[in-house]
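K.L.:
After the structure tokens below, expect a handful of questions from me.
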Amino acid sequence: MEQAHVDTVYDRLAEATESARSAADQGRSLYHSDRESYVREEDGTALFERDAFAYQAARRLAVLDAEHEGLVFGRLDLDDDADREVRYIGRIGVRDDDYEPLVIDWRARAAEPFYRATPNNPMDVVRRRVLRCRSDKVIGIEDDLLNAEANHDDLPIIGEGALMAALSRARGPRMRDIVATIQAEQDDAIRADYRGVTVISGGPGTGKTVVALHRAAYLLYSNRRRFENGGILVVGPGPVFMNYIERVLPSLGEDSVTLRAIGSVVSDVLPGVHAHRADSAQASFVKGSLRMVDVLKRLVNLPLVSPGDEGLLLRLTVKGEPLTLREPELNRIRASVLAHNKVNHGRESAQKAVVAALMAQVPDEIDLEPEAIEDLITDTAQFKMFMNAWWPPLSAPDVLARLADPDVVARVADGVLDDSEQRALSESLRGHDDWSVGDTALLDELAAILGTPPAEEEEDPTLFLTSGADVAELVTTADRLQAPSEPADLTDDLHDTYAHMLIDEAQDITPMQWRMLRRRGSQASWTIVGDLAQSSWPDLDEVGRAVRDLIGNAPHREFRLSVNYRSPAEVFNLAADVVRAAYPNADLPEAVRSTGVEPDLLVAAPEELDDEVERIVTELAGDVAGTIGVIVPPSLLDAVRDAATGRLAEALGEDAQRVTFISPLEAKGLEYDAVVVIAPDAVVEESPGGVRVLYVALTRPTQRLVTIDVGASPGAWRGSPTSRSTD
């Protein structure tokens, strides 16, 4: 019966797809016929009308083509005392020729009982059924009987429960949506009011990230004009994480959301800046601190040339008369100009003010028109050289790069950073040909202080069209909506600011990064997702203050997710003991699954580590069907990965592709069927978040956890109340 309904849905879908494709083809053909007449000015209105017509058809076609995988996933059997009603739930809504619903969009109000109904409050639902489909074929059914008394027709109940069945499935390289298994407390957060700030908290495995992504899809469904036109920006911790989540929203019928790793947020003002590299723990802390605002302001005002013994000085002669401006007057001029201009926009005003101050010193005996005196001043080499050094056009990258010089850091950070912090800052900017993630917030701060550099004058390009018959002179919206031949850049964006900001792993956002994000959402509503117990930022109070400052007086609501669906209880109990010892107030969820397999806590001598990694990973590949994550502290990552790659390829063949070597910070938000954590003590030592980052690493597996201490004895991290060891 379920297969018959799914067949009906797909038949209707095929008809709708063909209709949309015909409409798109019709719109496109209007472009290509009599093309020359459309580019004439008098035909601009016709061109616009045809573009709008083709846009709607092509946009719908893109949605329909994307949703053939598991379109229908749920069924509700309802009893309203008058008649038995059946509703099918899916990723997008589909109606028949009479406009009756064949599938209800999961975000619609009529679909809410699928997620909210419980045996205590069945909401007229007798049976809730989850359909597991592969393309258009039903391959599994899981039922929940919610109201046995209303089951007059003796509806059959099949399966072990949809949620537990889904949790037991092997993990792949991409996050899956949970649209078929959303739980009631998750649904509350998804459907919350968009206004103000929504905070979603919860420990590892509670589904914070995927709930937030479903919330983005829901906001677009319920307030499409506001959020599609204004834009939604989703920010995550790194490119590995963004690659992991990139298919969730398209699978829910939405592809108009911008995804950016925190290291790529600045690319809207500095194209090409996509930072992946992490700084040392101390450098990360310094760069994330709000003290850097004062350091950067001083840096912008620091002349490119060192002042002489007399301090900053401009001296020149006009008609034999010496004219001089000293540092106090120059500082006054600079402060006055910057009160009304950004640095790169104030050069002209600054030059006028300097000229005016110099002209005021010209004796009356020099009988020249003011314009002539001004020309004499501005034509001197001394004036030109001074202005270029004192007020040059500045770019954020060039200014930040000056901090690689310890002498420059000493001058601009005196009294703000101590000696060790100054060294860490300077050393972090030397010896690299790329920016770190921590640098991007500093670059954005500088871009905001400096303003846009003056554009270089360019010769107007000459417009010409080639004569090739296969070249389309006009690119239409319909053309752009066709599937691209190359993967899309996830950071492409049309917005300077956004209508909604969704910040994941918010506990790791530094104070400087919050400033960067607020510039892109000054009038936005916000969804903030995080868990302080997993924070890599040393000062948890500062993280909390940053979020409270963002909320301010805006309306806000908080949702706590309380159930850990990912981690087996055996694994989570160990992780909870570890983090509780260092952070007694950690928000620890309840782990609802058990595998009966305790974590393996092993010890390997340094010279035996490579052999042990190969042995353990090979065994795990035989025990689990999905992915295996090997989490390694940064100091060991390259060596362990290089040593293991060839060995595992030989031992596992194609199964070696299931194994990923990754740093603890890169592992945030990810999950694997099995996890190997190497050198846990080094994980703690090399992260600014210490034990909290180890807590993240220990809670990544869905089935098996193995730790390997490197040395002669178990590491200090095992000093938890509950001791478990198999070595």
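The chains in the structure tokens are called A, B, ... from first to last as shown; in each chain the residues are counted from 1, and the ligands are counted from 1 in the order shown.
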Among region 406-653 of chain A, which ones does DSSP assign to helix (DSSP H, G or I) (computed from the backbone)? Answer as a ChimeraX atom specification.
P.N.:
/A:406-412,419-428,437-450,477-481,506-508,511-519,532-534,540-551,569-582,606-623,634-653
K.L.:
Give me, as a compact mmCIF listing (two decimals) with N, CA and C atoms, in the first residue's frame, all polymer residues having an atom no more than 7 Å from region 509-525 of chain A, counting only C-alpha atoms and skipping those fewer than 2 positions away in the same chain.
P.N.:
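After the write, result.txt holds the following:
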# COMPACT_ATOMS: atom_id res chain seq x y z
N TYR A 194 10.96 33.63 14.88
CA TYR A 194 12.22 34.05 14.26
C TYR A 194 12.79 35.31 14.89
N ARG A 195 11.96 36.11 15.54
CA ARG A 195 12.39 37.44 15.98
C ARG A 195 13.38 37.36 17.13
N GLY A 196 14.31 38.31 17.15
CA GLY A 196 15.29 38.38 18.22
C GLY A 196 16.32 37.28 18.13
N VAL A 197 16.63 36.67 19.26
CA VAL A 197 17.72 35.69 19.35
C VAL A 197 17.18 34.38 19.92
N GLY A 288 42.12 36.62 19.69
CA GLY A 288 40.69 36.65 19.95
C GLY A 288 40.26 37.65 20.98
N SER A 289 41.20 38.21 21.72
CA SER A 289 40.88 39.12 22.81
C SER A 289 40.46 40.49 22.30
N LEU A 290 39.55 41.12 23.01
CA LEU A 290 39.12 42.47 22.64
C LEU A 290 40.23 43.51 22.80
N ALA A 441 39.44 37.70 11.83
CA ALA A 441 38.70 38.72 12.57
C ALA A 441 39.50 40.01 12.67
N ASP A 444 39.18 41.73 9.36
CA ASP A 444 37.86 42.37 9.24
C ASP A 444 37.79 43.64 10.06
N GLU A 445 38.38 43.62 11.25
CA GLU A 445 38.42 44.83 12.08
C GLU A 445 39.17 45.94 11.37
N ASP A 496 25.67 41.81 1.80
CA ASP A 496 26.64 42.42 2.70
C ASP A 496 26.23 42.18 4.15
N THR A 497 24.92 42.27 4.41
CA THR A 497 24.37 41.91 5.71
C THR A 497 23.22 40.94 5.47
N TYR A 498 22.77 40.31 6.55
CA TYR A 498 21.82 39.21 6.42
C TYR A 498 20.59 39.45 7.28
N ALA A 499 19.50 38.80 6.89
CA ALA A 499 18.27 38.88 7.67
C ALA A 499 18.31 37.92 8.85
N HIS A 500 19.09 36.84 8.72
CA HIS A 500 19.19 35.88 9.83
C HIS A 500 20.60 35.32 9.87
N MET A 501 21.14 35.23 11.08
CA MET A 501 22.48 34.69 11.30
C MET A 501 22.35 33.43 12.14
N ALA A 506 28.99 28.02 18.78
CA ALA A 506 29.15 29.42 19.20
C ALA A 506 30.06 29.55 20.41
N GLN A 507 30.23 28.46 21.16
CA GLN A 507 31.10 28.54 22.34
C GLN A 507 32.56 28.77 21.96
N ALA A 546 29.80 37.71 25.74
CA ALA A 546 29.66 38.05 24.32
C ALA A 546 28.25 37.75 23.83
K.L.:
By how many Å are CA of Gly74 (chain A) and CA of Ala212 (chain A) apart?
P.N.:
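So the answer is 21.1 Å.
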K.L.:
Mind checking which residues fall within 6 Å of Tyr672 (chain A), counting only C-alpha atoms, ignoring those fewer than 2 positions away in the same chain, and posting them as a ChimeraX atom specification?
P.N.:
/A:627-629,674,701
K.L.:
Rounded to one decimal in Å, what is the spacing between CA of Ala261 (chain A) and CA of Trp537 (chain A)?
P.N.:
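These atoms are spaced 17.3 Å apart.
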K.L.:
Can you pull out the residues contacting Asp124 (chain A)? Cut-off 9 Å, using only C-alpha atoms, and skip same-chain residues under 3 positions away; I want them as a PyMOL selection string.
P.N.:
chain A and resi 77-81+113+117+121+146-147+150
K.L.:
Based on the selection just made, write N, CA, C and O atoms of those residues as a short mmCIF file (atom, residue, chain, number, x, y, z; two decimals), in the first residue's frame.
P.N.:
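Contents of the output file part_2.cif:
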data_model
loop_
_atom_site.label_atom_id
_atom_site.label_comp_id
_atom_site.auth_asym_id
_atom_site.auth_seq_id
_atom_site.Cartn_x
_atom_site.Cartn_y
_atom_site.Cartn_z
N ASP A 77 -1.81 8.43 10.67
CA ASP A 77 -3.19 7.95 10.69
C ASP A 77 -3.88 8.64 11.85
O ASP A 77 -3.53 8.41 13.02
N LEU A 78 -4.86 9.49 11.54
CA LEU A 78 -5.51 10.30 12.55
C LEU A 78 -6.95 9.87 12.73
O LEU A 78 -7.61 9.41 11.79
N ASP A 79 -7.47 10.06 13.93
CA ASP A 79 -8.86 9.74 14.25
C ASP A 79 -9.46 10.97 14.91
O ASP A 79 -9.11 11.31 16.05
N ASP A 80 -10.35 11.66 14.18
CA ASP A 80 -10.95 12.88 14.74
C ASP A 80 -12.40 12.66 15.15
O ASP A 80 -13.20 13.59 15.18
N ASP A 81 -12.77 11.42 15.48
CA ASP A 81 -14.11 11.03 15.92
C ASP A 81 -15.14 11.08 14.81
O ASP A 81 -16.28 10.65 15.01
N PRO A 113 1.95 17.32 14.07
CA PRO A 113 1.74 16.12 14.90
C PRO A 113 2.75 15.00 14.64
O PRO A 113 2.98 14.17 15.52
N ALA A 117 3.41 14.70 18.52
CA ALA A 117 2.49 13.77 19.15
C ALA A 117 3.24 12.77 20.04
O ALA A 117 4.30 12.27 19.67
N ASN A 121 -0.03 12.82 24.76
CA ASN A 121 -0.74 13.85 23.99
C ASN A 121 -0.69 13.45 22.52
O ASN A 121 0.11 13.99 21.74
N LEU A 146 0.41 5.44 19.01
CA LEU A 146 0.31 6.53 19.99
C LEU A 146 -1.00 6.52 20.75
O LEU A 146 -1.09 7.11 21.84
N ASN A 147 -2.04 5.89 20.20
CA ASN A 147 -3.34 5.87 20.87
C ASN A 147 -4.00 4.52 20.61
O ASN A 147 -4.72 4.33 19.63
N ALA A 150 -7.87 4.26 20.28
CA ALA A 150 -8.49 4.72 19.04
C ALA A 150 -8.17 3.83 17.85
O ALA A 150 -8.59 4.12 16.73
#
K.L.:
Residues within 10 Å of Leu299 (chain A), please, as a short mmCIF file (atom, residue, chain, number, x, y, z; two decimals) with C-alpha atoms, in the first residue's frame. Count only C-alpha atoms; anything in the same chain fewer than 6 positions from it doesn't count.
P.N.:
data_model
loop_
_atom_site.label_atom_id
_atom_site.label_comp_id
_atom_site.auth_asym_id
_atom_site.auth_seq_id
_atom_site.Cartn_x
_atom_site.Cartn_y
_atom_site.Cartn_z
CA VAL A 293 40.94 46.52 19.03
CA VAL A 399 48.59 46.60 7.75
CA LEU A 400 48.22 43.33 9.66
CA ARG A 402 53.33 44.74 9.93
CA LEU A 403 52.75 42.91 13.21
CA VAL A 408 56.18 47.28 15.55
CA VAL A 409 54.33 45.03 18.00
CA ARG A 411 55.24 50.04 19.87
CA VAL A 412 51.52 49.37 19.32
CA ALA A 413 50.96 46.80 22.11
CA LEU A 446 41.08 46.59 10.04
#
K.L.:
Could you tell me how far CA of Gly70 (chain A) lies from CA of Val6 (chain A), in Å and to one decimal?
P.N.:
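Taking CA of Gly70 (chain A) and CA of Val6 (chain A), their separation equals 9.8 Å.
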K.L.:
Would you mind listing what lies within 12 Å of Lys137 (chain A) as an NGL selection string, with only C-alpha atoms counted and same-chain residues fewer than 5 positions away left out?
P.N.:
:A and (2-10 or 68-73 or 131-132)
